[in-house]
Amino acid sequence: MKKIMILALAVTAMACQQNKIGFVDSVKLMDDYQEKIDLEARFKTKADAMSKKRDSISQSFQMELQAFQAKAQKMSQQSAQEEYAQFQQRGQFIGQQLQQEEQQLQSTSQVEMDSLVKKVKNEIKDYGKANGYTYILGGGDGGSVLYGEEANDLTQAILKILNEKYKK
């Protein structure tokens, strides 16, 4: 009889324990996180500068090509073909260099963005532990929360912490 009472008491105690569940709108959190905004602006500036560099080189190369074509009419066919082949090689080399620079920029951007996402996930985890949450679910466009009471939406609280830590 004692065992049944203890078991009933344990089951009752377990049933009384409620899971504390909250959710975060992941899309809104990332869109409003100042460090992400700054990171994107920094890489946009670099991408714009790279685009201008590519356009400038391309324009310069086109001008050289036009000058060569005018000059080639006065050259022997063999000389013109040899010089044109060198011209093509140089163009391919420059194109490859520009492509490598763009890939490096994209790679660096992706590494920094991955690091930022990891930082946000860790902050959510720390917030959950510090505030006694059993679960914090991800919401927003790609999340799993289809409905949640506003009282359980932790987006603004976590966003405030992230932005305050970033200012420091």
# chains A, B, ... in the order shown; residues from 1 in each chain; ligands from 1
>>> residues_around(residues="Asn19 in chain A", least_positions_apart="5", cutoff="10 Å", atoms="only C-alpha atoms", output="list in words")
Gly132, Tyr133, Thr134 and Tyr135 of chain A
>>> select_by_dssp(residues="chain A", states="helix (DSSP H, G or I)", output="ChimeraX atom specification")
/A:2-16,26-32,34-72,77-130,150-152,155-167
>>> select_by_dssp(residues="range 37-138 of chain A", states="strand (DSSP E or B)", output="ChimeraX atom specification")
/A:135-138
>>> write_last_selection(atoms="N, CA and C atoms", output="CSV table (one decimal), in the first residue's frame")
chain,number,residue,atom,x,y,z
A,135,TYR,N,11.7,24.4,-23.2
A,135,TYR,CA,11.8,24.5,-24.7
A,135,TYR,C,11.7,25.9,-25.2
A,136,ILE,N,12.5,26.3,-26.1
A,136,ILE,CA,12.3,27.5,-26.9
A,136,ILE,C,12.3,27.1,-28.3
A,137,LEU,N,11.2,27.3,-29.0
A,137,LEU,CA,11.0,26.9,-30.3
A,137,LEU,C,11.3,28.0,-31.3
A,138,GLY,N,11.6,27.7,-32.5
A,138,GLY,CA,11.8,28.7,-33.6
A,138,GLY,C,10.6,28.9,-34.4
>>> residues_around(residues="range 122-124 of chain A", least_positions_apart="3", cutoff="10 Å", atoms="only C-alpha atoms", output="ChimeraX atom specification")
/A:23-24,116-119,127-130,136-137,154-155,157-159,161-162
>>> closest_residue(among="A:Gly139, A:Glu149, A:Val120, A:Lys125", to="Met30 in chain A", atoms="only C-alpha atoms")
A:Val120
>>> residues_around(residues="range 37-51 of chain A", least_positions_apart="5", cutoff="8 Å", atoms="only C-alpha atoms", output="PyMOL selection string")
chain A and resi 31-32+102+105+109+113
>>> write_last_selection(atoms="all heavy atoms", output="tab-separated table (two decimals), in the first residue's frame")
chain	number	residue	atom	x	y	z
A	31	ASP	N	16.67	39.66	-38.64
A	31	ASP	CA	16.49	40.89	-39.41
A	31	ASP	C	16.72	42.15	-38.58
A	31	ASP	O	17.17	43.16	-39.10
A	31	ASP	CB	15.09	40.95	-40.04
A	31	ASP	CG	14.95	40.03	-41.24
A	31	ASP	OD1	15.98	39.53	-41.74
A	31	ASP	OD2	13.81	39.82	-41.69
A	32	ASP	N	16.40	42.09	-37.29
A	32	ASP	CA	16.52	43.26	-36.43
A	32	ASP	C	17.79	43.26	-35.58
A	32	ASP	O	18.00	44.19	-34.80
A	32	ASP	CB	15.30	43.35	-35.51
A	32	ASP	CG	14.01	43.65	-36.28
A	32	ASP	OD1	14.10	44.02	-37.46
A	32	ASP	OD2	12.92	43.49	-35.70
A	102	GLU	N	35.86	37.34	-55.78
A	102	GLU	CA	34.44	37.28	-55.45
A	102	GLU	C	34.12	36.04	-54.61
A	102	GLU	O	33.35	36.12	-53.64
A	102	GLU	CB	33.59	37.29	-56.72
A	102	GLU	CG	33.57	38.62	-57.43
A	102	GLU	CD	32.85	38.58	-58.77
A	102	GLU	OE1	32.37	37.50	-59.18
A	102	GLU	OE2	32.77	39.64	-59.41
A	105	LEU	N	35.33	36.59	-51.10
A	105	LEU	CA	34.42	37.47	-50.38
A	105	LEU	C	33.17	36.71	-49.93
A	105	LEU	O	32.72	36.83	-48.78
A	105	LEU	CB	34.03	38.67	-51.25
A	105	LEU	CG	33.09	39.69	-50.60
A	105	LEU	CD1	33.78	40.36	-49.41
A	105	LEU	CD2	32.66	40.73	-51.62
A	109	SER	N	32.11	35.97	-46.09
A	109	SER	CA	30.78	36.40	-45.66
A	109	SER	C	30.03	35.24	-45.03
A	109	SER	O	29.40	35.39	-43.98
A	109	SER	CB	30.00	36.95	-46.86
A	109	SER	OG	28.67	37.20	-46.52
A	113	MET	N	28.70	34.90	-41.22
A	113	MET	CA	27.26	34.74	-40.99
A	113	MET	C	26.99	33.48	-40.17
A	113	MET	O	26.16	33.49	-39.26
A	113	MET	CB	26.50	34.70	-42.32
A	113	MET	CG	25.01	34.82	-42.16
A	113	MET	SD	24.45	36.31	-41.32
A	113	MET	CE	24.65	37.52	-42.59
>>> atom_distance(atom1="CA of Gln103 in chain A", atom2="CA of Phe61 in chain A")
21.8 Å
>>> closest_residue(among="A:Gln156, A:Asn163, A:Arg54, A:Tyr147", to="Gln96 in chain A", atoms="only C-alpha atoms")
A:Arg54
>>> closest_residue(among="A:Leu98, A:Ile21, A:Val111, A:Ala67", to="Val145 in chain A", atoms="only C-alpha atoms")
A:Ile21
>>> closest_residue(among="A:Gln78, A:Gln89, A:Val27, A:Glu83", to="Gly143 in chain A", atoms="only C-alpha atoms")
A:Val27
>>> atom_distance(atom1="CA of Ile94 in chain A", atom2="CA of Ala80 in chain A")
20.9 Å
>>> closest_residue(among="A:Asn131, A:Gln99, A:Thr108, A:Gln66", to="Tyr84 in chain A", atoms="only C-alpha atoms")
A:Gln66
